[in-house]
Number of protein chains: 2
Amino acid sequence: MHVIIDRNRMVHDVQHVSKAVSPRTTIPILTGIKIVATKKGLTLTGSDSDLSIEAFIPTVENEKELVEVEQEGSIVLQSKYFSEIVKKLPGDTIDITVHDQFAATIRSGSSVFTLNGLDPDEYPRLPQLKEDLIFSMPQDMLRNVIRQTVFAVSTQETRPVLTGVNIETEEGGLICTATDSHRLAMRRTKIDVENEDLHFQNVVIPGKSLQELSKIVEDTSDAVDIVVTENQILFKLGHVLFFSRLLEGKYPVTSSMIPNQSRTSFVLKTKPLLQTLERALLLSREAKNNVINMKTLGEGEIEISSTSQEVGKVTEQMEVERYEGEELRISFNGKNIIDALKVIDSEEIHLMFTGAMSPFVIRPIDSDRYLHLFSPVRTY
Amino acid sequence: MHVIIDRNRMVHDVQHVSKAVSPRTTIPILTGIKIVATKKGLTLTGSDSDLSIEAFIPTVENEKELVEVEQEGSIVLQSKYFSEIVKKLPGDTIDITVHDQFAATIRSGSSVFTLNGLDPDEYPRLPQLKEDLIFSMPQDMLRNVIRQTVFAVSTQETRPVLTGVNIETEEGGLICTATDSHRLAMRRTKIDVENEDLHFQNVVIPGKSLQELSKIVEDTSDAVDIVVTENQILFKLGHVLFFSRLLEGKYPVTSSMIPNQSRTSFVLKTKPLLQTLERALLLSREAKNNVINMKTLGEGEIEISSTSQEVGKVTEQMEVERYEGEELRISFNGKNIIDALKVIDSEEIHLMFTGAMSPFVIRPIDSDRYLHLFSPVRTY
């Protein structure tokens with residue numbers, strides 16, 4: 001193999017595929033990035049077996065020469081070194097020559113690196129997916145959907161299926177849900193389909209995969225094609241393919257958990273509430289339970305407070321709008337509410353309660369396409 | 001005590017004094033910031049007993065009212081909470097009222113915090129220093145002197161005196177030296193003195209103190225007054241006083257270590273050398289000894305290389321100028337050279353060797369006011 005590659009593009013794409021490489025893998029070949037040169041261009045692959053990312057650099061793109069292939073071939077080079085080296089090379093191009101014994105010489109400017117590699121034939125093949133279930137959405141929308149759900153997945157392995165985001169089709173769209181059983185984030189989104197009969201449910205994508213994916217998804221309205229199979233999902237982003245294993249197990253039915261009426265409700269400005277809760281958390285964090293209390297003070301006002309036996313207490317009053325229903329005293333995990341408020345883009349939110357011991361809902365005021373559900377904390 | 005303080009100034013000054021508070025202190029009162037209100041303004045103090053920082057906020061500065069003192073008094077509040085709270089308060093001013101039992105109420109905008117405090121009479125007093133040995137220099141120069149020396153102090157407690165920067169007077173100036181016994185950084189600087197007979201030596205300032213100091217020193221030519229005593233040093237920066245304990249013990253005589261002739265010498269461009277060493281370090285870091293090799297290739301060229309048995313090797317050639325003397329092969333700790341190159345502002349440097357087994361010198365080409373000395377590593 002002998003290729004000469006545009007350095008900037010190589011840095012960019014190596015960075016993408018190296019996201020799939022786990023430094024903690026026990027399978028030696030998966031510490032590497034597989035590099036394959038054909039007449040069409042260069043393909044880079046990284047994988048930790050749950051997650052695989054493949055990037056293709058064509059010989060020419062937009063009339064710019066990106067890869068010059070002198071001789072086809074392939075090699076696997078250790079991701080940890082290769083990606084650092086590529087980043088620091090001095091030249092505009094990178095010349096890679098592969099010798100026998102799986103060693104490669106990398107030349108760029110005045111630098112000559114000789115790296116030990118691994119046998120590319122040992123590298124696992126990426127799955128070939130049947131493209132029966134396929135849909136698409138703009139990249140920026142996908143990014144937003146991930147941002148507004150993935151923070152709420154469980155980080156505990158006791159119920160593995162809760163460490164993922166569940167997606168299922170509904171008429172003309174998709175419902176995406178994440179919950180750690182104390183809080184839930186639900187997001188509806190439109191999708192583009194070729195086959196009107198597209199239908200699936202209980203497709204649970206690991207939260208970790210979505211976090212990596214959102215680093216690669218760009219802020220453009222270019223479409224992502226998404227292919228769903230029994231145990232894999234594939235996101236096609238231009239020249240990058242992103243494969244993730246799906247989580248096994250039955251995702252809980254969450255639609256019935258969401259109350260559709262309220263006994264107390266009001267409207268608050270998102271940012272001031274976020275800042276008030278952050279101040280209250282300064283003290284409740286200490287006690288390590290993040291408990292913050294909220295109570296109504298007649299119509300039109302609420303009080304938010306928290307107490308730490310050791311440090312002291314904080315009290316803050318806020319005006320609310322569109323107050324309806326009963327007086328209320330409730331306690332909750334302030335950190336969970338803060339997480340949700342950070343991903344709400346709307347300036348105002350609607351809070352809906354069905355009593356001090358029942359889950360409550362926060363929705364952006366200008367959209368019924370997403371909501372957050374929280375369990376209260378019992379304090380008295 | 002009852003005071004109303006400009007919030008921005010309070011955030012700024014609390015941030016300064018909290019740098020002296022150690023989260024790991026075993027003396028409860030030192031977890032706090034001491035706040036004293038007098039008719040003249042507000043004084044904040046933080047200390048870990050080695051290092052103490054005092055900031056004074058006058059009632060009025062540049063015709064702007066900063067503090068309104070309703071009632072004099074004092075309190076100690078836990079630094080960890082107080083500094084976070086001050087940063088997040090919503091109002092433009094902060095109203096602090098101290099009650100009996102060392103509790104304080106802090107009001108700002110809609111927020112009301114009540115914090116448990118400690119008895120200010122238990123807070124240790126700052127030393128009163130005799131101002132016999134005093135000199136001054138511009139703040140930006142002090143910052144540069146710290147930057148160019150402190151990185152070379154020892155991080156090991158086996159010879160405590162080497163964890164500090166030694167300062168001593170010479171005619172019309174100061175010599176500042178740091179060494180961990182493998183490398184040495186020496187910086188000469190001019191100082192302003194009132195008493196022409198100013199003379200001291202073996203004044204060793206802990207590296208940790210200087211690192212904190214350099215975060216407070218500003219990028220202005222305003223003067224810092226520096227007071228030296230037997231076991232303390234005081235830096236006076238406007239309204240901020242920075243006290244540090246000095247290290248005990250005899251600092252080694254370093255002037256005799258610096259060779260004043262060379263058997264091989266040449267000039268290199270600083271930044272390209274830095275980048276070449278950083279690439280070479282990618283492989284030598286792996287073997288955990290950071291060893292990089294340099295050899296001359298006839299006049300006008302050198303080769304820099306490093307090898308990792310496991311990963312591979314890198315070789316790079318560089319052109320040099322003003323080459324004089326013998327051929328040379330030498331190995332060194334690349335990380336140490338990189339640290340030094342990062343603080344050299346000159347575009348070109350002079351390297352002077354006295355053989356493969358002897359210490360060598362790097363100097364900026366446009367200044368004889370500082371130099372770096374390195375021990376080679378024996379590899380063959």
# chains A, B, ... in the order shown; residues from 1 in each chain; ligands from 1
call {"tool": "interface_residues", "arguments": {"of": "chain A", "to": "chain B", "cutoff": "10 Å", "atoms": "only C-alpha atoms", "output": "PyMOL selection string"}}
result
chain A and resi 77-78+80-82+84-90+103-107+109-117+272+275-276+278-280+282-283+286+304-318
call {"tool": "select_by_dssp", "arguments": {"residues": "stretch 99-299 of chain A", "states": "helix (DSSP H, G or I)", "output": "PyMOL selection string"}}
result
chain A and resi 100-102+120-122+139-152+160-163+207-216+255-257+270-284
call {"tool": "residues_around", "arguments": {"residues": "A:Ile205", "least_positions_apart": "6", "cutoff": "8 Å", "atoms": "only C-alpha atoms", "output": "PDB file with C-alpha atoms, in the first residue's frame"}}
result
ATOM      1  CA  GLY A 164     -30.331   3.527  26.191  1.00  0.00           C
ATOM      2  CA  VAL A 165     -32.757   5.818  24.397  1.00  0.00           C
ATOM      3  CA  ASN A 166     -35.826   4.010  23.100  1.00  0.00           C
ATOM      4  CA  ILE A 167     -37.130   4.997  19.676  1.00  0.00           C
ATOM      5  CA  ILE A 233     -28.649   0.682  13.904  1.00  0.00           C
ATOM      6  CA  SER A 244     -24.221   0.851  16.924  1.00  0.00           C
ATOM      7  CA  ARG A 245     -25.357  -2.340  18.554  1.00  0.00           C
ATOM      8  CA  LEU A 246     -28.875  -2.085  20.049  1.00  0.00           C
ATOM      9  CA  LEU A 247     -29.640  -2.938  23.660  1.00  0.00           C
TER      10      LEU A 247
END
call {"tool": "closest_residue", "arguments": {"among": "B:Val98, B:Val240, B:Leu126, B:Ala178", "to": "B:His16", "atoms": "only C-alpha atoms"}}
result
B:Val240
call {"tool": "residues_around", "arguments": {"residues": "B:Ile175", "least_positions_apart": "6", "cutoff": "10 Å", "atoms": "only C-alpha atoms", "output": "VMD selection string"}}
result
chain B and resid 145 166 to 169 186 to 190 201 369 to 370
call {"tool": "atom_distance", "arguments": {"atom1": "atom CA of A:Met257", "atom2": "atom CA of A:Leu373"}}
result
8.7 Å
call {"tool": "residues_around", "arguments": {"residues": "B:Gly32", "least_positions_apart": "3", "cutoff": "12 Å", "atoms": "only C-alpha atoms", "output": "PDB file with N, CA and C atoms, in the first residue's frame"}}
result
ATOM      1  N   VAL A 311     -24.174  23.726  56.678  1.00  0.00           N
ATOM      2  CA  VAL A 311     -23.757  24.974  56.033  1.00  0.00           C
ATOM      3  C   VAL A 311     -24.737  26.124  56.240  1.00  0.00           C
TER       4      VAL A 311
ATOM      5  N   VAL B  14     -12.931  37.817  46.229  1.00  0.00           N
ATOM      6  CA  VAL B  14     -13.118  36.529  46.915  1.00  0.00           C
ATOM      7  C   VAL B  14     -12.357  35.445  46.149  1.00  0.00           C
ATOM      8  N   VAL B  17      -8.612  35.716  47.222  1.00  0.00           N
ATOM      9  CA  VAL B  17      -8.226  35.227  48.556  1.00  0.00           C
ATOM     10  C   VAL B  17      -8.520  33.733  48.700  1.00  0.00           C
ATOM     11  N   SER B  18      -9.516  33.213  47.977  1.00  0.00           N
ATOM     12  CA  SER B  18      -9.839  31.783  48.110  1.00  0.00           C
ATOM     13  C   SER B  18      -8.713  30.911  47.549  1.00  0.00           C
ATOM     14  N   LYS B  19      -7.832  31.502  46.736  1.00  0.00           N
ATOM     15  CA  LYS B  19      -6.678  30.738  46.219  1.00  0.00           C
ATOM     16  C   LYS B  19      -5.758  30.282  47.344  1.00  0.00           C
ATOM     17  N   ALA B  20      -5.779  30.992  48.454  1.00  0.00           N
ATOM     18  CA  ALA B  20      -4.899  30.630  49.575  1.00  0.00           C
ATOM     19  C   ALA B  20      -5.531  29.570  50.472  1.00  0.00           C
ATOM     20  N   VAL B  21      -6.839  29.329  50.282  1.00  0.00           N
ATOM     21  CA  VAL B  21      -7.522  28.376  51.171  1.00  0.00           C
ATOM     22  C   VAL B  21      -7.345  26.969  50.619  1.00  0.00           C
ATOM     23  N   SER B  22      -6.818  26.077  51.457  1.00  0.00           N
ATOM     24  CA  SER B  22      -6.610  24.705  51.008  1.00  0.00           C
ATOM     25  C   SER B  22      -7.808  23.850  51.403  1.00  0.00           C
ATOM     26  N   PRO B  23      -8.383  23.104  50.441  1.00  0.00           N
ATOM     27  CA  PRO B  23      -9.517  22.237  50.791  1.00  0.00           C
ATOM     28  C   PRO B  23      -9.078  21.083  51.703  1.00  0.00           C
ATOM     29  N   THR B  25      -7.040  21.344  54.363  1.00  0.00           N
ATOM     30  CA  THR B  25      -6.501  21.764  55.657  1.00  0.00           C
ATOM     31  C   THR B  25      -7.144  20.983  56.800  1.00  0.00           C
ATOM     32  N   THR B  26      -6.373  20.781  57.853  1.00  0.00           N
ATOM     33  CA  THR B  26      -6.920  20.075  59.020  1.00  0.00           C
ATOM     34  C   THR B  26      -7.293  21.063  60.120  1.00  0.00           C
ATOM     35  N   ILE B  27      -7.081  22.363  59.847  1.00  0.00           N
ATOM     36  CA  ILE B  27      -7.401  23.392  60.845  1.00  0.00           C
ATOM     37  C   ILE B  27      -8.739  24.023  60.426  1.00  0.00           C
ATOM     38  N   PRO B  28      -9.831  23.729  61.153  1.00  0.00           N
ATOM     39  CA  PRO B  28     -11.165  24.138  60.695  1.00  0.00           C
ATOM     40  C   PRO B  28     -11.274  25.618  60.330  1.00  0.00           C
ATOM     41  N   ILE B  29     -10.689  26.494  61.154  1.00  0.00           N
ATOM     42  CA  ILE B  29     -10.866  27.931  60.897  1.00  0.00           C
ATOM     43  C   ILE B  29     -10.273  28.336  59.545  1.00  0.00           C
ATOM     44  N   ILE B  35     -13.836  37.915  56.987  1.00  0.00           N
ATOM     45  CA  ILE B  35     -14.396  39.145  56.429  1.00  0.00           C
ATOM     46  C   ILE B  35     -14.449  40.176  57.554  1.00  0.00           C
ATOM     47  N   LEU B  44     -10.820  41.043  53.154  1.00  0.00           N
ATOM     48  CA  LEU B  44     -11.029  39.599  53.022  1.00  0.00           C
ATOM     49  C   LEU B  44      -9.680  38.919  53.202  1.00  0.00           C
ATOM     50  N   THR B  45      -9.645  37.810  53.936  1.00  0.00           N
ATOM     51  CA  THR B  45      -8.387  37.086  54.126  1.00  0.00           C
ATOM     52  C   THR B  45      -8.595  35.590  53.945  1.00  0.00           C
ATOM     53  N   GLY B  46      -7.683  34.968  53.190  1.00  0.00           N
ATOM     54  CA  GLY B  46      -7.660  33.509  53.074  1.00  0.00           C
ATOM     55  C   GLY B  46      -6.255  33.041  53.383  1.00  0.00           C
ATOM     56  N   SER B  47      -6.107  31.841  53.943  1.00  0.00           N
ATOM     57  CA  SER B  47      -4.773  31.372  54.321  1.00  0.00           C
ATOM     58  C   SER B  47      -4.734  29.859  54.460  1.00  0.00           C
ATOM     59  N   ASP B  48      -3.601  29.263  54.107  1.00  0.00           N
ATOM     60  CA  ASP B  48      -3.399  27.849  54.445  1.00  0.00           C
ATOM     61  C   ASP B  48      -2.186  27.738  55.364  1.00  0.00           C
ATOM     62  N   ILE B  75     -16.593  38.299  60.539  1.00  0.00           N
ATOM     63  CA  ILE B  75     -17.051  36.910  60.584  1.00  0.00           C
ATOM     64  C   ILE B  75     -16.123  36.078  59.697  1.00  0.00           C
ATOM     65  N   VAL B  76     -16.120  34.767  59.930  1.00  0.00           N
ATOM     66  CA  VAL B  76     -15.408  33.840  59.037  1.00  0.00           C
ATOM     67  C   VAL B  76     -16.464  32.940  58.392  1.00  0.00           C
ATOM     68  N   LEU B  77     -16.491  32.904  57.043  1.00  0.00           N
ATOM     69  CA  LEU B  77     -17.453  32.056  56.327  1.00  0.00           C
ATOM     70  C   LEU B  77     -16.705  31.023  55.498  1.00  0.00           C
ATOM     71  N   GLN B  78     -17.269  29.812  55.403  1.00  0.00           N
ATOM     72  CA  GLN B  78     -16.577  28.730  54.705  1.00  0.00           C
ATOM     73  C   GLN B  78     -16.303  29.100  53.248  1.00  0.00           C
ATOM     74  N   SER B  79     -15.052  29.058  52.871  1.00  0.00           N
ATOM     75  CA  SER B  79     -14.639  29.498  51.547  1.00  0.00           C
ATOM     76  C   SER B  79     -15.348  28.735  50.435  1.00  0.00           C
ATOM     77  N   LYS B  80     -15.422  27.429  50.581  1.00  0.00           N
ATOM     78  CA  LYS B  80     -15.984  26.558  49.534  1.00  0.00           C
ATOM     79  C   LYS B  80     -17.393  27.003  49.139  1.00  0.00           C
ATOM     80  N   TYR B  81     -18.219  27.315  50.149  1.00  0.00           N
ATOM     81  CA  TYR B  81     -19.595  27.715  49.840  1.00  0.00           C
ATOM     82  C   TYR B  81     -19.675  29.188  49.504  1.00  0.00           C
ATOM     83  N   PHE B  82     -19.000  29.993  50.327  1.00  0.00           N
ATOM     84  CA  PHE B  82     -19.125  31.434  50.167  1.00  0.00           C
ATOM     85  C   PHE B  82     -18.691  31.873  48.767  1.00  0.00           C
ATOM     86  N   SER B  83     -17.571  31.326  48.264  1.00  0.00           N
ATOM     87  CA  SER B  83     -17.094  31.804  46.961  1.00  0.00           C
ATOM     88  C   SER B  83     -18.016  31.325  45.832  1.00  0.00           C
ATOM     89  N   LEU B 115     -25.950  31.563  56.319  1.00  0.00           N
ATOM     90  CA  LEU B 115     -24.802  30.658  56.405  1.00  0.00           C
ATOM     91  C   LEU B 115     -24.252  30.602  57.824  1.00  0.00           C
ATOM     92  N   ASN B 116     -23.907  29.398  58.247  1.00  0.00           N
ATOM     93  CA  ASN B 116     -23.222  29.232  59.519  1.00  0.00           C
ATOM     94  C   ASN B 116     -21.773  29.686  59.353  1.00  0.00           C
ATOM     95  N   GLY B 117     -21.279  30.451  60.313  1.00  0.00           N
ATOM     96  CA  GLY B 117     -19.903  30.934  60.213  1.00  0.00           C
ATOM     97  C   GLY B 117     -19.064  30.480  61.391  1.00  0.00           C
ATOM     98  N   LEU B 118     -17.878  31.063  61.508  1.00  0.00           N
ATOM     99  CA  LEU B 118     -16.968  30.711  62.593  1.00  0.00           C
ATOM    100  C   LEU B 118     -16.512  31.998  63.266  1.00  0.00           C
ATOM    101  N   ASP B 119     -15.944  31.830  64.457  1.00  0.00           N
ATOM    102  CA  ASP B 119     -15.534  32.976  65.277  1.00  0.00           C
ATOM    103  C   ASP B 119     -14.310  33.674  64.680  1.00  0.00           C
ATOM    104  N   PRO B 120     -14.435  34.930  64.255  1.00  0.00           N
ATOM    105  CA  PRO B 120     -13.301  35.622  63.622  1.00  0.00           C
ATOM    106  C   PRO B 120     -12.113  35.806  64.569  1.00  0.00           C
ATOM    107  N   GLU B 122     -10.819  33.608  66.315  1.00  0.00           N
ATOM    108  CA  GLU B 122      -9.980  32.406  66.253  1.00  0.00           C
ATOM    109  C   GLU B 122      -9.072  32.409  65.031  1.00  0.00           C
ATOM    110  N   TYR B 123      -9.335  33.336  64.088  1.00  0.00           N
ATOM    111  CA  TYR B 123      -8.568  33.332  62.842  1.00  0.00           C
ATOM    112  C   TYR B 123      -7.143  33.824  63.109  1.00  0.00           C
ATOM    113  N   PRO B 124      -6.120  33.106  62.634  1.00  0.00           N
ATOM    114  CA  PRO B 124      -4.743  33.542  62.916  1.00  0.00           C
ATOM    115  C   PRO B 124      -4.449  34.920  62.324  1.00  0.00           C
TER     116      PRO B 124
END
call {"tool": "atom_distance", "arguments": {"atom1": "atom CA of A:Ser209", "atom2": "atom CA of A:Ile191"}}
result
20.4 Å
call {"tool": "residues_around", "arguments": {"residues": "A:Glu321", "least_positions_apart": "4", "cutoff": "8 Å", "atoms": "only C-alpha atoms", "output": "ChimeraX atom specification"}}
result
/A:266-268,300
call {"tool": "residues_around", "arguments": {"residues": "A:Gly334", "least_positions_apart": "2", "cutoff": "12 Å", "atoms": "only C-alpha atoms", "output": "ChimeraX atom specification"}}
result
/A:182-183,273-285,288-294,304-306,330-332,336-341,374-377
call {"tool": "closest_residue", "arguments": {"among": "A:Leu30, A:Glu63, A:Thr354, A:Ser52", "to": "A:Pro259", "atoms": "only C-alpha atoms"}}
result
A:Thr354
call {"tool": "decode", "arguments": {"residues": "stretch 311-325 of chain B", "atoms": "N, CA, C and O atoms", "output": "mmCIF file, in the first residue's frame"}}
result
data_model
loop_
_atom_site.group_PDB
_atom_site.id
_atom_site.type_symbol
_atom_site.label_atom_id
_atom_site.label_comp_id
_atom_site.auth_asym_id
_atom_site.auth_seq_id
_atom_site.Cartn_x
_atom_site.Cartn_y
_atom_site.Cartn_z
ATOM 1 N N VAL B 311 6.106 0.475 19.708
ATOM 2 C CA VAL B 311 5.301 1.255 18.760
ATOM 3 C C VAL B 311 6.020 1.521 17.435
ATOM 4 O O VAL B 311 5.435 1.410 16.365
ATOM 5 N N GLY B 312 7.307 1.891 17.502
ATOM 6 C CA GLY B 312 8.025 2.189 16.269
ATOM 7 C C GLY B 312 9.061 3.260 16.515
ATOM 8 O O GLY B 312 9.538 3.443 17.631
ATOM 9 N N LYS B 313 9.414 4.000 15.471
ATOM 10 C CA LYS B 313 10.415 5.043 15.673
ATOM 11 C C LYS B 313 10.115 6.260 14.814
ATOM 12 O O LYS B 313 9.314 6.200 13.872
ATOM 13 N N VAL B 314 10.740 7.376 15.166
ATOM 14 C CA VAL B 314 10.573 8.598 14.390
ATOM 15 C C VAL B 314 11.937 9.258 14.229
ATOM 16 O O VAL B 314 12.767 9.241 15.140
ATOM 17 N N THR B 315 12.177 9.783 13.036
ATOM 18 C CA THR B 315 13.424 10.466 12.725
ATOM 19 C C THR B 315 13.083 11.776 12.033
ATOM 20 O O THR B 315 12.175 11.818 11.204
ATOM 21 N N GLU B 316 13.804 12.819 12.373
ATOM 22 C CA GLU B 316 13.532 14.099 11.737
ATOM 23 C C GLU B 316 14.837 14.870 11.615
ATOM 24 O O GLU B 316 15.650 14.855 12.539
ATOM 25 N N GLN B 317 15.032 15.509 10.458
ATOM 26 C CA GLN B 317 16.246 16.294 10.275
ATOM 27 C C GLN B 317 15.927 17.776 10.311
ATOM 28 O O GLN B 317 14.874 18.193 9.841
ATOM 29 N N MET B 318 16.835 18.546 10.893
ATOM 30 C CA MET B 318 16.615 19.992 10.973
ATOM 31 C C MET B 318 17.888 20.705 10.565
ATOM 32 O O MET B 318 18.990 20.276 10.918
ATOM 33 N N GLU B 319 17.708 21.821 9.866
ATOM 34 C CA GLU B 319 18.865 22.647 9.548
ATOM 35 C C GLU B 319 19.214 23.518 10.741
ATOM 36 O O GLU B 319 18.326 24.019 11.424
ATOM 37 N N VAL B 320 20.526 23.687 10.974
ATOM 38 C CA VAL B 320 20.959 24.562 12.057
ATOM 39 C C VAL B 320 21.845 25.651 11.477
ATOM 40 O O VAL B 320 22.341 25.539 10.348
ATOM 41 N N GLU B 321 22.021 26.704 12.233
ATOM 42 C CA GLU B 321 22.886 27.801 11.783
ATOM 43 C C GLU B 321 24.028 27.993 12.769
ATOM 44 O O GLU B 321 23.968 27.538 13.902
ATOM 45 N N ARG B 322 25.040 28.713 12.305
ATOM 46 C CA ARG B 322 26.187 29.072 13.151
ATOM 47 C C ARG B 322 26.772 27.849 13.875
ATOM 48 O O ARG B 322 27.082 27.904 15.062
ATOM 49 N N TYR B 323 26.870 26.743 13.122
ATOM 50 C CA TYR B 323 27.404 25.512 13.685
ATOM 51 C C TYR B 323 28.894 25.676 13.973
ATOM 52 O O TYR B 323 29.646 26.116 13.121
ATOM 53 N N GLU B 324 29.322 25.299 15.179
ATOM 54 C CA GLU B 324 30.745 25.365 15.541
ATOM 55 C C GLU B 324 31.120 24.145 16.369
ATOM 56 O O GLU B 324 30.339 23.703 17.198
ATOM 57 N N GLY B 325 32.308 23.612 16.118
ATOM 58 C CA GLY B 325 32.847 22.583 17.009
ATOM 59 C C GLY B 325 32.707 21.171 16.495
ATOM 60 O O GLY B 325 32.514 20.932 15.299
#
